[in-house]
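Enquirer: Just dropping this structure here.
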Amino acid sequence: MTAFNARALASLVTVAGSALSKRLTVILTALVRAVENETDMELKADIEGAVSALLGSISDLEGLQTLMLLLAGWVKNDSWTRRVSALNFFKTFCEVSTIDFSLYRPDWVRSLVTLMDDRQVEVVEAAVPAFEAFVKSIEKDDLDSIVVTLRRTIESTGAPGRTVPGFDIKGSVSSMVPVIVAGLTTGNNEQREQAAYAIGDLVERTEEIALKPYVVPFTGPLIRVATQATAFPPGVKVAILKSLGTMLEHIPTHVKPFFPQLSRTFVKSCSDSSSLAVRNAAAKSLGALTKSNQTRIDALVTELISTAQSSEDDAIAASLVLALAYVVRYAITTTSASSKEACISMLESAFRERHDEPYLHGMATLFTSFESSPELLQGVVRSHILQGTPPSVLSSLIILHTVEDAPKLFYAINCVPSVLRKVVESIGESVPAISRPAREAKELIRTTPPFCDDDSVLAIFGT
């Protein structure tokens, strides 16, 4: 193709009208081959000008459908060169066209984000500006319409343990920010939920340095929506809490300015009466916050204990105890002796009081959170966990949770044989809530080190 032909074609397509649609495939195929094979940069610029004029002249649905089907095939082509060409053509289309192609937006979200993880670096580098141009072509009020598709595509892109190459390139995450924020702040409940999850997915798949500029644009809206959570269903609340927890686990330094707000949000959510899933997500996120923020731990422990003890709802109290267990586990070295004693006292009281099973599970988790300070548990163990002590649901649950989460704890207290005999005693109890977890503990002990390597286990349990 000559420069004259390219300029002539650029002029012709602007006046061709609907007749252009019938020749679109032939013309575009010729142009893409010319772009890919041309080495003369001036001539290549003229050809790209013809491509721009052509794509900007498509004005009817027939032409739009032809273009979309053609580009959709090219982005999946085995040739990486053709995939790059398709992305460049689509970028140009988004920049110059005024035709409504909203029907095809979900397909392009899937294609563009997926290609940011392409095996060929040139394709990745072309996908990022194409996505950027695509988002800019969408009216601000319509951005939330693609957030569900965007989140599901991000979720299915990449692999555990590595980042997505395209997400680390400047322009990719910044183009996703307005879409996600729009979904989170103005979308319906499904869009809000998926937008919140999208943030957590991005955090897991993006290098910390590439994500840093967008921490504030993401965290601020998450907290604002979380503080209005009474207006939203549990699914939205859980998504927000989990994403905040993911940010604390992966990029705690960048979230540091929000620590006070996050602490208040998580503690408040631990008392949410609408959903157990919300309370559990808040408890886990509070633990993640405690890993990174070791200040005011005693005040937090005191607040959780007092709120749990004063709660009239045993289910909410159970979630507060679970949150307390996470806090103690991750901050035991900075927790004062008086706060630790208050936790142990609360644990002792649970053996004397009547509580539902979820509360007792929380207490068992609190017991295991003292794994690194086993000397503090000796009184509880002597009174309630050893052979000959009164049978109880809590003692069976403590043994089960300890085998699952802190299997070396009983060895540190030097009480394994007596605990194993306590398991045998509890299995013989007629109360299912006592015998069932004891049987589960026995089966787990047989396969969990260091128990399974201990000859005394076989001697006590038999074959």
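Numbering starts fresh at 1 for the residues of each chain in the structure tokens, the chains themselves are lettered A, B, ... in the order given, and ligands are numbered from 1 as they appear.
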If we count only C-alpha atoms and set the cut-off at 12 Å, which residues sit around A:Thr447, ignoring sequence neighbours fewer than 5 positions away in its own chain? Please answer as a list of chain:residue names.

Expert: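 Counting only the stated atoms, we get A:Val403, A:Glu404, A:Pro407, A:Glu440, A:Ala441, A:Lys442, A:Cys452, A:Asp453, A:Asp454, A:Val457, A:Leu458.
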
Enquirer: Find the residues of stretch 283-324 of chain A that sit at most 8 Å from stretch 364-372 of chain A; for each, write down the nearest two atoms and how far apart they are in Å, to one decimal. Count only C-alpha atoms. Sort by chain, then by number going up, and give it as JSON lines.

Expert:
{"residue": "A:Val321", "atom": "CA", "partner": "A:Leu366", "partner_atom": "CA", "distance": 7.2}
{"residue": "A:Leu322", "atom": "CA", "partner": "A:Thr365", "partner_atom": "CA", "distance": 6.8}
{"residue": "A:Leu324", "atom": "CA", "partner": "A:Leu366", "partner_atom": "CA", "distance": 7.1}

Enquirer: Those same residues - N, CA, C and O atoms - I'd like them written as a tab-separated table (two decimals), in the first residue's frame.

Expert:
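The result, stored in selection-v1.tsv:
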chain	number	residue	atom	x	y	z
A	321	VAL	N	-15.83	-12.60	71.29
A	321	VAL	CA	-14.80	-13.48	71.87
A	321	VAL	C	-13.84	-13.95	70.78
A	321	VAL	O	-12.63	-14.01	70.98
A	322	LEU	N	-14.39	-14.28	69.61
A	322	LEU	CA	-13.54	-14.69	68.49
A	322	LEU	C	-12.60	-13.56	68.09
A	322	LEU	O	-11.40	-13.79	67.84
A	324	LEU	N	-11.58	-11.20	70.05
A	324	LEU	CA	-10.60	-11.13	71.15
A	324	LEU	C	-9.49	-12.16	70.96
A	324	LEU	O	-8.31	-11.87	71.17

Enquirer: Check the smallest atom-to-atom distance from each of A:Thr66, A:Asn88, A:Thr206, A:Ser336 to A:His250 using only C-alpha atoms, then report the winner.

Expert: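 Ranking A:Thr66, A:Asn88, A:Thr206, A:Ser336 by distance to A:His250, first place goes to A:Thr206.
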
Enquirer: Give me the residues within 12 Å of A:Val124 as an MDAnalysis selection string, counting only C-alpha atoms and dropping any in the same chain fewer than 4 places off.

Expert: chainID A and resid 75 80:81 83:84 87:88 111:120 128:131 164:172

Enquirer: When you count only C-alpha atoms, which of these residues is closest to A:Ala196: A:Ala30, A:Leu55, A:Val179, A:Ala239?

Expert: A:Ala239

Enquirer: Could you give me, as a compact mmCIF listing (two decimals) with N, CA, C and O atoms, in the first residue's frame, the residues within 10 Å of A:Met247, counting only C-alpha atoms and dropping anything in the same chain fewer than 2 positions from it?

Expert:
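The file below, part.txt, is the result:
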# COMPACT_ATOMS: atom_id res chain seq x y z
N ILE A 199 -11.42 -4.93 44.76
CA ILE A 199 -10.28 -4.27 45.39
C ILE A 199 -9.36 -5.30 46.04
O ILE A 199 -8.14 -5.27 45.86
N GLY A 200 -9.94 -6.22 46.78
CA GLY A 200 -9.13 -7.28 47.39
C GLY A 200 -8.42 -8.13 46.35
O GLY A 200 -7.25 -8.49 46.52
N ASP A 201 -9.11 -8.45 45.26
CA ASP A 201 -8.50 -9.24 44.19
C ASP A 201 -7.32 -8.50 43.56
O ASP A 201 -6.29 -9.11 43.24
N LEU A 202 -7.48 -7.20 43.35
CA LEU A 202 -6.39 -6.41 42.77
C LEU A 202 -5.18 -6.36 43.71
O LEU A 202 -4.03 -6.48 43.28
N VAL A 203 -5.44 -6.21 45.00
CA VAL A 203 -4.36 -6.15 45.98
C VAL A 203 -3.54 -7.44 45.94
O VAL A 203 -2.30 -7.41 46.04
N GLU A 204 -4.20 -8.56 45.77
CA GLU A 204 -3.51 -9.85 45.74
C GLU A 204 -2.74 -10.08 44.45
O GLU A 204 -1.83 -10.92 44.41
N VAL A 215 -4.15 3.33 46.97
CA VAL A 215 -4.61 2.85 48.28
C VAL A 215 -5.66 3.80 48.86
O VAL A 215 -6.72 3.37 49.33
N PHE A 218 -9.06 3.79 47.10
CA PHE A 218 -9.82 2.58 47.39
C PHE A 218 -10.29 2.53 48.84
O PHE A 218 -11.45 2.22 49.13
N THR A 219 -9.37 2.82 49.77
CA THR A 219 -9.67 2.64 51.20
C THR A 219 -10.73 3.61 51.69
O THR A 219 -11.62 3.23 52.46
N LEU A 241 -15.44 -5.83 54.41
CA LEU A 241 -14.58 -6.24 55.52
C LEU A 241 -13.45 -7.15 55.05
O LEU A 241 -12.30 -7.02 55.47
N LYS A 242 -13.77 -8.07 54.14
CA LYS A 242 -12.74 -8.99 53.64
C LYS A 242 -11.69 -8.24 52.81
O LYS A 242 -10.49 -8.54 52.90
N SER A 243 -12.13 -7.29 52.01
CA SER A 243 -11.17 -6.54 51.20
C SER A 243 -10.27 -5.66 52.08
O SER A 243 -9.07 -5.55 51.83
N LEU A 244 -10.85 -5.05 53.11
CA LEU A 244 -10.03 -4.28 54.04
C LEU A 244 -9.02 -5.20 54.75
O LEU A 244 -7.86 -4.81 54.95
N GLY A 245 -9.46 -6.40 55.10
CA GLY A 245 -8.55 -7.37 55.70
C GLY A 245 -7.43 -7.77 54.76
O GLY A 245 -6.27 -7.91 55.16
N GLU A 249 -3.33 -7.32 55.21
CA GLU A 249 -2.40 -8.44 55.13
C GLU A 249 -1.30 -8.19 54.10
O GLU A 249 -0.15 -8.58 54.30
N HIS A 250 -1.63 -7.54 52.99
CA HIS A 250 -0.68 -7.39 51.89
C HIS A 250 0.04 -6.05 51.85
O HIS A 250 1.21 -5.99 51.46
N ILE A 251 -0.64 -4.98 52.22
CA ILE A 251 -0.02 -3.65 52.13
C ILE A 251 -0.28 -2.84 53.40
O ILE A 251 -0.79 -1.72 53.34
N PRO A 252 0.05 -3.37 54.58
CA PRO A 252 -0.30 -2.69 55.83
C PRO A 252 0.32 -1.30 55.97
O PRO A 252 -0.30 -0.40 56.54
N THR A 253 1.53 -1.13 55.45
CA THR A 253 2.20 0.17 55.59
C THR A 253 1.41 1.28 54.92
O THR A 253 1.31 2.40 55.45
N HIS A 254 0.84 0.98 53.77
CA HIS A 254 0.14 2.01 53.01
C HIS A 254 -1.26 2.31 53.59
O HIS A 254 -1.85 3.34 53.29
N VAL A 255 -1.77 1.38 54.39
CA VAL A 255 -3.09 1.57 54.99
C VAL A 255 -2.98 2.21 56.38
O VAL A 255 -3.99 2.54 57.00
N SER A 285 -10.63 -9.57 60.30
CA SER A 285 -9.97 -8.34 59.85
C SER A 285 -9.36 -7.58 61.02
O SER A 285 -8.31 -6.95 60.89
N ALA A 288 -6.11 -9.09 61.59
CA ALA A 288 -5.13 -8.62 60.60
C ALA A 288 -4.63 -7.22 60.94
O ALA A 288 -3.44 -6.91 60.77
N LEU A 289 -5.53 -6.38 61.44
CA LEU A 289 -5.13 -5.03 61.85
C LEU A 289 -4.17 -5.09 63.04
O LEU A 289 -3.18 -4.35 63.10

Enquirer: Neighbours of A:Ala323 within 9 Å (only C-alpha atoms; same-chain residues fewer than 2 positions away dropped), as number ranges by chain?

Expert: A: 267, 270, 279-280, 282-287, 304, 318-321, 325-328, 362, 366

Enquirer: Can you write just those residues out, N, CA and C atoms, as a compact mmCIF listing (two decimals), in the first residue's frame?

Expert:
# COMPACT_ATOMS: atom_id res chain seq x y z
N VAL A 267 -14.56 -3.24 65.14
CA VAL A 267 -15.18 -3.52 66.44
C VAL A 267 -16.69 -3.35 66.35
N CYS A 270 -18.24 -6.27 64.61
CA CYS A 270 -18.27 -7.51 65.41
C CYS A 270 -19.58 -7.64 66.19
N ARG A 279 -19.96 -10.64 61.22
CA ARG A 279 -19.21 -10.59 62.48
C ARG A 279 -17.90 -11.36 62.38
N ASN A 280 -17.94 -12.52 61.75
CA ASN A 280 -16.71 -13.32 61.62
C ASN A 280 -15.68 -12.63 60.73
N ALA A 282 -15.41 -9.42 60.33
CA ALA A 282 -14.89 -8.30 61.11
C ALA A 282 -13.86 -8.78 62.13
N ALA A 283 -14.13 -9.90 62.76
CA ALA A 283 -13.20 -10.45 63.75
C ALA A 283 -11.86 -10.80 63.10
N LYS A 284 -11.92 -11.43 61.94
CA LYS A 284 -10.68 -11.81 61.25
C LYS A 284 -9.91 -10.57 60.79
N SER A 285 -10.63 -9.57 60.30
CA SER A 285 -9.97 -8.34 59.85
C SER A 285 -9.36 -7.58 61.02
N LEU A 286 -10.02 -7.63 62.18
CA LEU A 286 -9.46 -7.00 63.38
C LEU A 286 -8.15 -7.67 63.76
N GLY A 287 -8.10 -8.98 63.59
CA GLY A 287 -6.84 -9.69 63.84
C GLY A 287 -5.75 -9.25 62.87
N LEU A 304 -13.36 -5.26 74.09
CA LEU A 304 -13.96 -6.50 73.59
C LEU A 304 -14.51 -7.35 74.74
N ALA A 318 -20.30 -14.28 71.15
CA ALA A 318 -19.39 -15.29 70.57
C ALA A 318 -18.46 -14.66 69.56
N SER A 319 -18.99 -13.78 68.71
CA SER A 319 -18.15 -13.12 67.70
C SER A 319 -17.15 -12.18 68.34
N LEU A 320 -17.56 -11.51 69.41
CA LEU A 320 -16.63 -10.63 70.13
C LEU A 320 -15.51 -11.43 70.78
N VAL A 321 -15.83 -12.60 71.29
CA VAL A 321 -14.80 -13.48 71.87
C VAL A 321 -13.84 -13.95 70.78
N ALA A 325 -9.87 -13.36 70.52
CA ALA A 325 -8.89 -14.43 70.30
C ALA A 325 -7.89 -14.03 69.22
N TYR A 326 -8.39 -13.45 68.13
CA TYR A 326 -7.49 -13.00 67.06
C TYR A 326 -6.54 -11.92 67.56
N VAL A 327 -7.06 -10.98 68.33
CA VAL A 327 -6.24 -9.88 68.84
C VAL A 327 -5.14 -10.43 69.74
N VAL A 328 -5.50 -11.31 70.66
CA VAL A 328 -4.52 -11.87 71.59
C VAL A 328 -3.47 -12.69 70.85
N GLY A 362 -15.76 -19.97 70.40
CA GLY A 362 -14.95 -18.77 70.51
C GLY A 362 -13.98 -18.85 71.68
N LEU A 366 -9.95 -18.76 71.86
CA LEU A 366 -9.20 -17.88 72.76
C LEU A 366 -8.14 -18.68 73.52

Enquirer: Quick one: residues within 10 Å of stretch 337-354 of chain A, only C-alpha atoms counted, chain neighbours fewer than 4 positions away excluded, as a PyMOL selection string?

Expert: chain A and resi 297-302+305+308-309+314+321+324-325+328+332-333+359-360+362-364+366-367+370+373+376-377+379-380+383-384+390+392-395

Enquirer: For the residues selected in the previous step, produce a file with N, CA, C and O atoms as a CSV table (one decimal), in the first residue's frame.

Expert:
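New file part35.csv:
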chain,number,residue,atom,x,y,z
A,297,ILE,N,-3.5,-1.9,72.5
A,297,ILE,CA,-4.0,-3.3,72.5
A,297,ILE,C,-4.8,-3.5,73.8
A,297,ILE,O,-5.8,-4.1,73.8
A,298,ASP,N,-4.3,-3.0,74.9
A,298,ASP,CA,-5.0,-3.2,76.2
A,298,ASP,C,-6.4,-2.6,76.2
A,298,ASP,O,-7.3,-3.2,76.7
A,299,ALA,N,-6.5,-1.4,75.6
A,299,ALA,CA,-7.8,-0.7,75.5
A,299,ALA,C,-8.7,-1.5,74.6
A,299,ALA,O,-9.9,-1.7,74.9
A,300,LEU,N,-8.2,-2.1,73.6
A,300,LEU,CA,-9.0,-2.9,72.7
A,300,LEU,C,-9.4,-4.2,73.3
A,300,LEU,O,-10.6,-4.6,73.2
A,301,VAL,N,-8.5,-4.9,74.1
A,301,VAL,CA,-8.9,-6.1,74.8
A,301,VAL,C,-10.0,-5.8,75.8
A,301,VAL,O,-11.0,-6.5,75.9
A,302,THR,N,-9.8,-4.7,76.6
A,302,THR,CA,-10.8,-4.3,77.6
A,302,THR,C,-12.2,-4.1,76.9
A,302,THR,O,-13.2,-4.5,77.5
A,305,ILE,N,-13.8,-7.4,75.8
A,305,ILE,CA,-14.2,-8.2,77.0
A,305,ILE,C,-15.5,-7.6,77.6
A,305,ILE,O,-16.5,-8.4,77.8
A,308,ALA,N,-18.5,-8.0,75.2
A,308,ALA,CA,-18.9,-9.4,75.2
A,308,ALA,C,-19.7,-9.8,76.4
A,308,ALA,O,-20.8,-10.5,76.4
A,309,GLN,N,-19.2,-9.4,77.6
A,309,GLN,CA,-19.8,-9.8,78.9
A,309,GLN,C,-21.1,-9.1,79.1
A,309,GLN,O,-22.0,-9.6,79.7
A,314,ASP,N,-26.1,-14.0,72.8
A,314,ASP,CA,-24.9,-14.9,73.0
A,314,ASP,C,-24.2,-15.1,71.6
A,314,ASP,O,-23.0,-15.3,71.6
A,321,VAL,N,-15.8,-12.6,71.3
A,321,VAL,CA,-14.8,-13.5,71.9
A,321,VAL,C,-13.8,-14.0,70.8
A,321,VAL,O,-12.6,-14.0,71.0
A,324,LEU,N,-11.6,-11.2,70.1
A,324,LEU,CA,-10.6,-11.1,71.1
A,324,LEU,C,-9.5,-12.2,71.0
A,324,LEU,O,-8.3,-11.9,71.2
A,325,ALA,N,-9.9,-13.4,70.5
A,325,ALA,CA,-8.9,-14.4,70.3
A,325,ALA,C,-7.9,-14.0,69.2
A,325,ALA,O,-6.7,-14.2,69.4
A,328,VAL,N,-5.5,-11.3,70.7
A,328,VAL,CA,-4.5,-11.9,71.6
A,328,VAL,C,-3.5,-12.7,70.8
A,328,VAL,O,-2.3,-12.6,71.1
A,332,ILE,N,0.1,-10.8,71.5
A,332,ILE,CA,0.3,-11.3,72.9
A,332,ILE,C,1.5,-10.8,73.5
A,332,ILE,O,1.6,-10.5,74.7
A,333,THR,N,2.5,-10.5,72.7
A,333,THR,CA,3.8,-9.9,73.2
A,333,THR,C,3.7,-8.5,73.7
A,333,THR,O,4.4,-8.0,74.6
A,359,TYR,N,-20.5,-19.7,71.2
A,359,TYR,CA,-19.7,-18.9,72.2
A,359,TYR,C,-18.6,-19.8,72.8
A,359,TYR,O,-17.4,-19.3,73.0
A,360,LEU,N,-18.9,-21.0,73.0
A,360,LEU,CA,-17.8,-22.0,73.5
A,360,LEU,C,-16.7,-22.2,72.5
A,360,LEU,O,-15.6,-22.4,72.8
A,362,GLY,N,-15.8,-20.0,70.4
A,362,GLY,CA,-14.9,-18.8,70.5
A,362,GLY,C,-14.0,-18.8,71.7
A,362,GLY,O,-12.8,-18.5,71.6
A,363,MET,N,-14.5,-19.4,72.8
A,363,MET,CA,-13.6,-19.5,74.0
A,363,MET,C,-12.5,-20.5,73.7
A,363,MET,O,-11.4,-20.3,74.2
A,364,ALA,N,-12.8,-21.6,73.0
A,364,ALA,CA,-11.8,-22.6,72.7
A,364,ALA,C,-10.7,-21.9,71.8
A,364,ALA,O,-9.5,-22.2,71.9
A,366,LEU,N,-9.9,-18.8,71.9
A,366,LEU,CA,-9.2,-17.9,72.8
A,366,LEU,C,-8.1,-18.7,73.5
A,366,LEU,O,-7.0,-18.2,73.7
A,367,PHE,N,-8.5,-19.9,73.9
A,367,PHE,CA,-7.5,-20.8,74.6
A,367,PHE,C,-6.3,-21.0,73.7
A,367,PHE,O,-5.1,-20.8,74.2
A,370,PHE,N,-3.3,-18.4,73.2
A,370,PHE,CA,-2.2,-18.3,74.2
A,370,PHE,C,-1.1,-19.3,73.9
A,370,PHE,O,-0.3,-19.6,74.8
A,373,SER,N,2.3,-18.5,75.1
A,373,SER,CA,2.4,-18.3,76.5
A,373,SER,C,1.7,-19.4,77.3
A,373,SER,O,0.8,-19.2,78.1
A,376,LEU,N,0.5,-19.5,81.1
A,376,LEU,CA,-0.7,-18.8,81.6
A,376,LEU,C,-2.0,-19.8,81.6
A,376,LEU,O,-3.0,-19.5,82.2
A,377,LEU,N,-1.9,-20.9,80.9
A,377,LEU,CA,-3.0,-21.8,80.7
A,377,LEU,C,-3.0,-22.9,81.7
A,377,LEU,O,-3.9,-23.8,81.8
A,379,GLY,N,-3.4,-23.3,84.9
A,379,GLY,CA,-4.5,-23.3,85.8
A,379,GLY,C,-5.8,-23.9,85.2
A,379,GLY,O,-6.5,-24.7,85.8
A,380,VAL,N,-6.1,-23.4,84.0
A,380,VAL,CA,-7.3,-23.8,83.2
A,380,VAL,C,-7.1,-25.3,82.9
A,380,VAL,O,-8.1,-26.1,83.1
A,383,SER,N,-7.6,-27.6,86.0
A,383,SER,CA,-9.0,-27.6,86.5
A,383,SER,C,-10.0,-28.2,85.6
A,383,SER,O,-11.0,-28.7,86.1
A,384,HIS,N,-9.7,-28.2,84.3
A,384,HIS,CA,-10.8,-28.6,83.4
A,384,HIS,C,-10.4,-29.5,82.2
A,384,HIS,O,-11.3,-30.1,81.6
A,390,PRO,N,-14.2,-32.5,85.7
A,390,PRO,CA,-15.6,-32.7,85.3
A,390,PRO,C,-15.7,-32.5,83.8
A,390,PRO,O,-15.1,-31.7,83.1
A,392,SER,N,-17.2,-31.5,80.3
A,392,SER,CA,-17.9,-30.3,79.8
A,392,SER,C,-17.8,-30.2,78.3
A,392,SER,O,-16.9,-30.7,77.7
A,393,VAL,N,-18.7,-29.5,77.7
A,393,VAL,CA,-18.7,-29.2,76.3
A,393,VAL,C,-17.4,-28.4,76.0
A,393,VAL,O,-16.7,-28.6,75.0
A,394,LEU,N,-17.1,-27.4,76.8
A,394,LEU,CA,-16.0,-26.5,76.5
A,394,LEU,C,-14.7,-27.3,76.6
A,394,LEU,O,-13.8,-27.0,75.8
A,395,SER,N,-14.5,-28.2,77.5
A,395,SER,CA,-13.2,-28.9,77.6
A,395,SER,C,-13.0,-29.8,76.3
A,395,SER,O,-11.9,-29.8,75.8

Enquirer: Have a look at atom CA of A:Thr186 and atom CA of A:Asp100 and let me know their distance in Å, one decimal.

Expert: 22.4 Å
